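**Q** My structure is stored as work23.cif, with mmCIF, C-alpha atoms.
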data_start
#
loop_
_atom_site.group_PDB
_atom_site.id
_atom_site.type_symbol
_atom_site.label_atom_id
_atom_site.label_comp_id
_atom_site.auth_asym_id
_atom_site.auth_seq_id
_atom_site.Cartn_x
_atom_site.Cartn_y
_atom_site.Cartn_z
ATOM 1 C CA MET A 1 145.551 -1.123 103.586
ATOM 2 C CA ASN A 2 143.257 -2.026 100.696
ATOM 3 C CA GLN A 3 139.575 -1.674 101.395
ATOM 4 C CA ASP A 4 136.832 -3.668 99.731
ATOM 5 C CA LEU A 5 134.717 -1.164 97.806
ATOM 6 C CA SER A 6 132.585 -3.668 95.896
ATOM 7 C CA ILE A 7 128.886 -2.901 95.597
ATOM 8 C CA LEU A 8 127.898 -5.857 97.770
ATOM 9 C CA HIS A 9 130.343 -4.872 100.496
ATOM 10 C CA LEU A 10 129.177 -1.255 100.417
ATOM 11 C CA VAL A 11 125.550 -2.331 100.736
ATOM 12 C CA LEU A 12 126.291 -4.681 103.622
ATOM 13 C CA GLU A 13 128.355 -2.077 105.445
ATOM 14 C CA ALA A 14 125.852 0.748 104.985
ATOM 15 C CA SER A 15 123.781 2.046 107.872
ATOM 16 C CA VAL A 16 120.380 0.546 108.602
ATOM 17 C CA VAL A 17 118.522 3.550 107.179
ATOM 18 C CA VAL A 18 120.505 3.460 103.931
ATOM 19 C CA GLN A 19 119.978 -0.286 103.635
ATOM 20 C CA LEU A 20 116.250 0.232 104.133
ATOM 21 C CA VAL A 21 116.232 2.872 101.393
ATOM 22 C CA MET A 22 118.089 0.513 99.061
ATOM 23 C CA ALA A 23 115.656 -2.305 99.800
ATOM 24 C CA ILE A 24 112.679 -0.048 99.067
ATOM 25 C CA LEU A 25 114.221 1.108 95.795
ATOM 26 C CA LEU A 26 115.029 -2.432 94.702
ATOM 27 C CA GLY A 27 111.467 -3.509 95.480
ATOM 28 C CA VAL A 28 110.068 -0.549 93.561
ATOM 29 C CA SER A 29 112.369 -1.324 90.641
ATOM 30 C CA LEU A 30 111.192 -4.940 90.488
ATOM 31 C CA ALA A 31 107.563 -3.814 90.656
ATOM 32 C CA SER A 32 108.079 -1.286 87.866
ATOM 33 C CA TRP A 33 109.699 -3.904 85.634
ATOM 34 C CA SER A 34 106.725 -6.169 86.273
ATOM 35 C CA VAL A 35 104.389 -3.366 85.196
ATOM 36 C CA ILE A 36 106.552 -2.632 82.149
ATOM 37 C CA PHE A 37 106.475 -6.215 80.880
ATOM 38 C CA GLY A 38 102.754 -6.456 81.580
ATOM 39 C CA LYS A 39 102.075 -3.235 79.675
ATOM 40 C CA VAL A 40 104.176 -4.300 76.698
ATOM 41 C CA ILE A 41 102.189 -7.525 76.363
ATOM 42 C CA GLY A 42 98.833 -5.904 77.130
ATOM 43 C CA LEU A 43 99.153 -2.988 74.702
ATOM 44 C CA LYS A 44 100.377 -5.281 71.949
ATOM 45 C CA ARG A 45 97.338 -7.516 72.411
ATOM 46 C CA ILE A 46 94.996 -4.507 72.430
ATOM 47 C CA ARG A 47 96.441 -3.191 69.167
ATOM 48 C CA GLN A 48 96.130 -6.594 67.532
ATOM 49 C CA ASP A 49 92.534 -7.086 68.720
ATOM 50 C CA ASN A 50 91.516 -3.587 67.616
ATOM 51 C CA ASP A 51 93.122 -4.067 64.210
ATOM 52 C CA SER A 52 91.373 -7.424 63.768
ATOM 53 C CA PHE A 53 87.988 -5.919 64.599
ATOM 54 C CA ASP A 54 88.685 -2.905 62.395
ATOM 55 C CA GLN A 55 89.339 -5.205 59.450
ATOM 56 C CA ALA A 56 86.148 -7.153 60.153
ATOM 57 C CA PHE A 57 84.142 -3.941 60.529
ATOM 58 C CA TRP A 58 85.188 -2.590 57.143
ATOM 59 C CA ALA A 59 85.027 -5.957 55.377
ATOM 60 C CA GLY A 60 81.450 -5.347 54.217
ATOM 61 C CA ARG A 61 79.610 -7.306 56.904
ATOM 62 C CA THR A 62 76.323 -5.952 58.227
ATOM 63 C CA LEU A 63 76.064 -4.309 61.617
ATOM 64 C CA GLN A 64 73.715 -7.071 62.739
ATOM 65 C CA GLU A 65 76.313 -9.732 61.978
ATOM 66 C CA LEU A 66 79.021 -7.792 63.767
ATOM 67 C CA PHE A 67 76.766 -7.264 66.770
ATOM 68 C CA GLN A 68 75.912 -10.966 66.912
ATOM 69 C CA ASP A 69 79.623 -11.780 66.920
ATOM 70 C CA ALA A 70 80.205 -9.219 69.674
ATOM 71 C CA SER A 71 77.371 -10.777 71.706
ATOM 72 C CA ARG A 72 78.840 -14.257 71.532
ATOM 73 C CA GLU A 73 79.660 -16.195 74.669
ATOM 74 C CA GLY A 74 82.654 -14.679 76.416
ATOM 75 C CA GLY A 75 81.938 -11.222 75.049
ATOM 76 C CA PRO A 76 83.963 -9.118 72.641
ATOM 77 C CA ARG A 77 87.741 -9.263 72.935
ATOM 78 C CA ALA A 78 88.804 -5.932 71.481
ATOM 79 C CA PRO A 79 88.150 -2.654 73.314
ATOM 80 C CA GLN A 80 86.962 -1.201 70.025
ATOM 81 C CA GLU A 81 84.529 -4.081 69.634
ATOM 82 C CA ARG A 82 83.124 -3.450 73.114
ATOM 83 C CA ILE A 83 82.600 0.203 72.217
ATOM 84 C CA PHE A 84 80.784 -0.875 69.061
ATOM 85 C CA ALA A 85 78.617 -3.322 71.011
ATOM 86 C CA ALA A 86 77.679 -0.658 73.571
ATOM 87 C CA GLY A 87 76.636 1.824 70.887
ATOM 88 C CA MET A 88 74.790 -0.763 68.822
ATOM 89 C CA ARG A 89 72.981 -2.142 71.863
ATOM 90 C CA GLU A 90 71.744 1.303 72.878
ATOM 91 C CA PHE A 91 70.719 2.099 69.308
ATOM 92 C CA MET A 92 68.653 -1.086 69.114
ATOM 93 C CA LYS A 93 67.050 -0.431 72.504
ATOM 94 C CA GLN A 94 65.976 2.987 71.295
ATOM 95 C CA ARG A 95 64.444 1.407 68.200
ATOM 96 C CA GLU A 96 62.577 -1.137 70.320
ATOM 97 C CA ARG A 97 61.070 1.780 72.240
ATOM 98 C CA ARG A 98 59.825 3.218 68.932
ATOM 99 C CA VAL A 99 62.099 6.245 69.158
ATOM 100 C CA THR A 100 62.073 7.838 65.704
ATOM 101 C CA ASP A 101 63.871 11.093 66.423
ATOM 102 C CA VAL A 102 67.266 10.794 64.727
ATOM 103 C CA PRO A 103 69.171 13.117 67.120
ATOM 104 C CA SER A 104 67.829 11.159 70.101
ATOM 105 C CA LEU A 105 68.856 7.867 68.521
ATOM 106 C CA LEU A 106 72.363 9.081 67.816
ATOM 107 C CA ASP A 107 72.761 10.862 71.141
ATOM 108 C CA GLY A 108 71.909 7.720 73.083
ATOM 109 C CA ALA A 109 74.332 5.621 71.044
ATOM 110 C CA ARG A 110 77.097 8.202 71.416
ATOM 111 C CA ARG A 111 76.636 8.398 75.186
ATOM 112 C CA ALA A 112 76.818 4.619 75.456
ATOM 113 C CA MET A 113 79.967 4.514 73.330
ATOM 114 C CA ARG A 114 81.550 7.348 75.298
ATOM 115 C CA ALA A 115 80.888 5.551 78.597
ATOM 116 C CA SER A 116 82.334 2.325 77.194
ATOM 117 C CA TYR A 117 85.313 4.240 75.816
ATOM 118 C CA GLN A 118 86.033 5.734 79.230
ATOM 119 C CA ARG A 119 85.899 2.315 80.876
ATOM 120 C CA GLU A 120 88.293 0.939 78.294
ATOM 121 C CA MET A 121 90.708 3.835 78.784
ATOM 122 C CA ASP A 122 90.642 3.322 82.542
ATOM 123 C CA VAL A 123 91.732 -0.278 82.001
ATOM 124 C CA ILE A 124 94.338 0.599 79.371
ATOM 125 C CA GLU A 125 95.872 3.341 81.525
ATOM 126 C CA ALA A 126 95.899 1.201 84.671
ATOM 127 C CA ARG A 127 99.213 1.303 86.579
ATOM 128 C CA LEU A 128 100.636 3.896 84.215
ATOM 129 C CA ASP A 129 100.572 6.395 87.070
ATOM 130 C CA PHE A 130 102.700 3.975 89.095
ATOM 131 C CA LEU A 131 105.483 4.202 86.516
ATOM 132 C CA GLY A 132 105.234 7.976 86.562
ATOM 133 C CA SER A 133 105.500 8.020 90.338
ATOM 134 C CA VAL A 134 108.497 5.677 90.305
ATOM 135 C CA GLY A 135 110.246 7.813 87.716
ATOM 136 C CA SER A 136 109.705 11.038 89.615
ATOM 137 C CA VAL A 137 110.124 9.908 93.234
ATOM 138 C CA SER A 138 112.863 7.246 93.112
ATOM 139 C CA PRO A 139 115.770 9.683 92.591
ATOM 140 C CA TYR A 140 114.657 11.671 95.631
ATOM 141 C CA ILE A 141 114.394 8.546 97.754
ATOM 142 C CA GLY A 142 117.901 7.607 96.649
ATOM 143 C CA LEU A 143 119.095 11.131 97.389
ATOM 144 C CA PHE A 144 117.626 10.888 100.871
ATOM 145 C CA GLY A 145 119.602 7.693 101.427
ATOM 146 C CA THR A 146 122.757 9.387 100.155
ATOM 147 C CA VAL A 147 122.350 12.424 102.398
ATOM 148 C CA TRP A 148 121.656 10.214 105.390
ATOM 149 C CA GLY A 149 124.659 8.027 104.589
ATOM 150 C CA ILE A 150 126.986 11.016 104.273
ATOM 151 C CA MET A 151 125.715 12.407 107.576
ATOM 152 C CA HIS A 152 126.327 9.018 109.174
ATOM 153 C CA ALA A 153 129.816 8.830 107.662
ATOM 154 C CA PHE A 154 130.866 12.265 108.892
ATOM 155 C CA THR A 155 129.401 11.600 112.313
ATOM 156 C CA GLY A 156 131.617 8.537 112.570
ATOM 157 C CA LEU A 157 134.657 10.600 111.582
ATOM 158 C CA SER A 158 134.085 13.251 114.212
ATOM 159 C CA ASN A 159 135.984 11.300 116.879
ATOM 160 C CA MET A 160 139.025 10.623 114.700
ATOM 161 C CA GLN A 161 142.187 12.629 115.250
ATOM 162 C CA GLN A 162 143.386 12.296 111.674
ATOM 163 C CA VAL A 163 141.014 12.036 108.718
ATOM 164 C CA THR A 164 142.277 10.888 105.336
ATOM 165 C CA LEU A 165 140.642 10.087 102.031
ATOM 166 C CA ALA A 166 140.917 6.401 102.835
ATOM 167 C CA THR A 167 138.748 6.859 105.903
ATOM 168 C CA VAL A 168 136.188 9.129 104.196
ATOM 169 C CA ALA A 169 135.793 7.295 100.885
ATOM 170 C CA PRO A 170 134.030 4.125 102.111
ATOM 171 C CA GLY A 171 131.294 6.031 103.918
ATOM 172 C CA ILE A 172 130.630 8.333 100.975
ATOM 173 C CA ALA A 173 130.698 5.417 98.537
ATOM 174 C CA GLU A 174 128.133 3.570 100.647
ATOM 175 C CA ALA A 175 125.890 6.613 100.585
ATOM 176 C CA LEU A 176 126.189 7.119 96.823
ATOM 177 C CA VAL A 177 125.024 3.574 96.143
ATOM 178 C CA ALA A 178 121.543 4.652 97.248
ATOM 179 C CA THR A 179 121.453 7.366 94.583
ATOM 180 C CA ALA A 180 122.666 4.903 91.961
ATOM 181 C CA ILE A 181 119.895 2.451 92.831
ATOM 182 C CA GLY A 182 117.366 5.289 92.754
ATOM 183 C CA LEU A 183 118.446 6.208 89.228
ATOM 184 C CA PHE A 184 118.407 2.538 88.244
ATOM 185 C CA ALA A 185 114.757 2.396 89.293
ATOM 186 C CA ALA A 186 113.765 5.762 87.819
ATOM 187 C CA ILE A 187 115.310 5.750 84.335
ATOM 188 C CA PRO A 188 113.531 2.637 82.946
ATOM 189 C CA ALA A 189 110.260 3.781 84.528
ATOM 190 C CA VAL A 190 110.461 7.207 82.858
ATOM 191 C CA LEU A 191 111.358 5.748 79.462
ATOM 192 C CA ALA A 192 108.571 3.181 79.698
ATOM 193 C CA TYR A 193 106.053 5.787 80.869
ATOM 194 C CA ASN A 194 106.767 8.042 77.896
ATOM 195 C CA ARG A 195 106.580 5.143 75.450
ATOM 196 C CA PHE A 196 103.345 3.768 76.899
ATOM 197 C CA ALA A 197 101.758 7.222 77.056
ATOM 198 C CA ARG A 198 102.462 7.686 73.351
ATOM 199 C CA ASP A 199 101.098 4.227 72.490
ATOM 200 C CA ILE A 200 97.971 4.790 74.584
ATOM 201 C CA ASP A 201 97.367 8.141 72.883
ATOM 202 C CA ARG A 202 97.447 6.382 69.519
ATOM 203 C CA ILE A 203 94.997 3.744 70.727
ATOM 204 C CA ALA A 204 92.709 6.457 72.105
ATOM 205 C CA ILE A 205 92.793 8.364 68.804
ATOM 206 C CA GLN A 206 92.005 5.160 66.909
ATOM 207 C CA MET A 207 89.004 4.405 69.123
ATOM 208 C CA GLU A 208 87.725 7.991 68.993
ATOM 209 C CA SER A 209 87.971 7.948 65.197
ATOM 210 C CA PHE A 210 86.047 4.691 65.138
ATOM 211 C CA MET A 211 83.292 6.178 67.309
ATOM 212 C CA GLU A 212 82.904 9.091 64.898
ATOM 213 C CA GLU A 213 82.846 6.802 61.864
ATOM 214 C CA PHE A 214 80.361 4.452 63.496
ATOM 215 C CA SER A 215 78.170 7.405 64.493
ATOM 216 C CA ASN A 216 78.110 8.510 60.861
ATOM 217 C CA ILE A 217 77.045 5.019 59.784
ATOM 218 C CA LEU A 218 74.277 4.991 62.390
ATOM 219 C CA ALA A 219 73.161 8.431 61.210
ATOM 220 C CA ARG A 220 72.850 7.191 57.642
ATOM 221 C CA ASN A 221 70.823 4.197 58.804
ATOM 222 C CA ALA A 222 68.726 6.140 61.303
ATOM 223 C CA ALA A 223 67.354 8.582 58.732
ATOM 224 C CA PRO A 224 65.433 6.004 56.653
ATOM 225 C CA LEU A 225 64.471 4.124 59.817
ATOM 226 C CA ALA A 226 62.925 7.263 61.285
ATOM 227 C CA ALA A 227 60.935 7.836 58.103
ATOM 228 C CA ALA A 228 59.544 4.286 58.109
ATOM 229 C CA PRO A 229 56.028 3.609 59.539
ATOM 230 C CA VAL A 230 56.023 2.695 63.197
ATOM 231 C CA ALA A 231 53.946 -0.434 62.596
ATOM 232 C CA GLN A 232 56.419 -1.825 60.082
ATOM 233 C CA PRO A 233 57.524 -5.413 60.860
ATOM 234 C CA THR A 234 60.922 -5.718 62.423
ATOM 235 C CA VAL A 235 63.628 -8.324 62.317
ATOM 236 C CA PRO A 236 65.154 -9.647 65.572
ATOM 237 C CA GLY A 237 66.864 -6.799 67.344
ATOM 238 C CA GLY A 238 64.170 -4.249 66.554
ATOM 239 C CA LEU A 239 65.515 -3.071 63.181
ATOM 240 C CA PRO A 240 63.016 -2.783 60.294
ATOM 241 C CA GLY A 241 63.499 -5.560 57.792
ATOM 242 C CA ALA A 242 62.963 -3.209 54.849
ATOM 243 C CA HIS A 243 66.094 -1.279 55.812
ATOM 244 C CA PRO A 244 68.983 -3.658 56.515
ATOM 245 C CA MET A 245 71.725 -2.006 58.502
ATOM 246 C CA ARG A 246 74.553 -0.883 56.251
#
Go through the file and emit its structure as structure tokens.

**A**
Amino acid sequence: MNQDLSILHLVLEASVVVQLVMAILLGVSLASWSVIFGKVIGLKRIRQDNDSFDQAFWAGRTLQELFQDASREGGPRAPQERIFAAGMREFMKQRERRVTDVPSLLDGARRAMRASYQREMDVIEARLDFLGSVGSVSPYIGLFGTVWGIMHAFTGLSNMQQVTLATVAPGIAEALVATAIGLFAAIPAVLAYNRFARDIDRIAIQMESFMEEFSNILARNAAPLAAAPVAQPTVPGGLPGAHPMR
């Protein structure tokens, strides 16, 4: 007698525990694909925004102009621009307080940029751990369903007088479907996790390099500012008019 061994039939005929495992794995797989598509779009937008700000930053505009753009309504779009705004804002606050010590000026700006950088990385890396968990745990969940299904199949065969391959195969096939679904959920998650981790590392390196370059620019501007008289008139933002930024 021919038996229906289609995937749908095997799923419907599986035990309740195995069906529950399959449902969990399918739900996890759908969630991971949602995260994957969201990350693809999000990281692409971040790279584009950072590149746009990087071009504007090195286009010869003054720091004041860049800071005014970053302070516009709605706030800066690029993570790199938000890091710049945090450092520039702290630098200007220090100048308004008449701080003339160059190391103190730079240290405050660096701390502000580092805090902003960490916030940006927390957002960029959001839900990446979920993909890692799916990739590492899903095969074991599927294996649990397979082991349970095989136990259930052999328990059902214990009362039979004659056991043949035709009677064993359906139960084992039902159990193996759980492992297949577990791998289906895990493989894309692992591939996506590795790809996103590499892309995020590149973004992090780009932002760290920008912080170092911006710190060097602030250092060059802070030296003449520190040497200027305290009573010197200032332009809006607290920066001496005789020493335009950059």

**Q** Could you spell out the hits of the PyMOL selection byres ((chain A and resi 67) around 10) on the shown file, as a ChimeraX atom specification?

**A** /A:62-66,68-72,76,81-82,84-89,237

**Q** Per residue of segment 62-125 of chain A within 12 Å of segment 36-41 of chain A, which atom pair is closest and at what distance in Å (one decimal), using all atoms listed in the file, listed by chain and increasing number, as a Markdown table?

**A**
| residue | atom | partner | partner_atom | distance |
| --- | --- | --- | --- | --- |
| A:Val123 | CA | A:Lys39 | CA | 11.0 |
| A:Ile124 | CA | A:Lys39 | CA | 8.6 |
| A:Glu125 | CA | A:Lys39 | CA | 9.2 |

**Q** To test your reading of the syntax: which residues would the PyMOL selection byres ((chain A and resi 185-198) around 9) return for the file shown? Reply as a PyMOL selection string.

**A** chain A and resi 25-26+28-30+32-33+36+39-40+43+125+128-139+180-184+199-203

**Q** List, as an NGL selection string, every residue that the PyMOL selection byres ((chain A and resi 215) around 10) selects in the file provided.

**A** :A and (84 or 87-88 or 106-107 or 109-110 or 113 or 209-214 or 216-221)

**Q** Can you tell me which residues surround Asp51 of chain A at a distance of at most 12 Å, considering all atoms listed in the file, apart from same-chain residues fewer than 3 positions away, and format the answer as a VMD selection string?

**A** chain A and resid 44 to 48 54 to 58 77 to 81 203 206 to 207 210

**Q** Could you tell me how far atom CA of Ala178 of chain A sits from atom CA of Gly142 of chain A, in Å to one decimal place?

**A** 4.7 Å

**Q** When you draw a straight line from atom CA of Gln94 of chain A to atom CA of Gly108 of chain A, how long is it in Å?

**A**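 A separation of 7.8 Å between them.
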
**Q** Which residues, written as a list of chain:residue names, have at least one atom at most 10 Å from Leu176 of chain A, with all atoms listed in the file counted and residues fewer than 5 positions away on the same chain left out?

**A**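 So, after excluding close chain neighbours, the residues are A:Leu10, A:Val18, A:Gly142, A:Leu143, A:Gly145, A:Thr146, A:Val147, A:Gly149, A:Ile150, A:Pro170, A:Gly171, A:Ile181, A:Gly182.
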
**Q** When you draw a straight line from atom CA of Leu105 of chain A to atom CA of Lys93 of chain A, how long is it in Å?

**A**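 Distance between the two atoms: 9.4 Å.
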
**Q** Given 4 Å of margin on each side, can you work out the centre and size in Å (one decimal) of an axis-aligned box holding every listed atom of segment 173-179 of chain A, as AutoDock Vina command-line options?

**A**
--center_x 126.1 --center_y 5.5 --center_z 97.6 --size_x 17.2 --size_y 11.8 --size_z 14.1

**Q** Which residue is closest to Val17 of chain A? Choose from A:Ala175, A:Gly42, A:Arg114, A:Arg127 and count all atoms listed in the file.

**A** A:Ala175
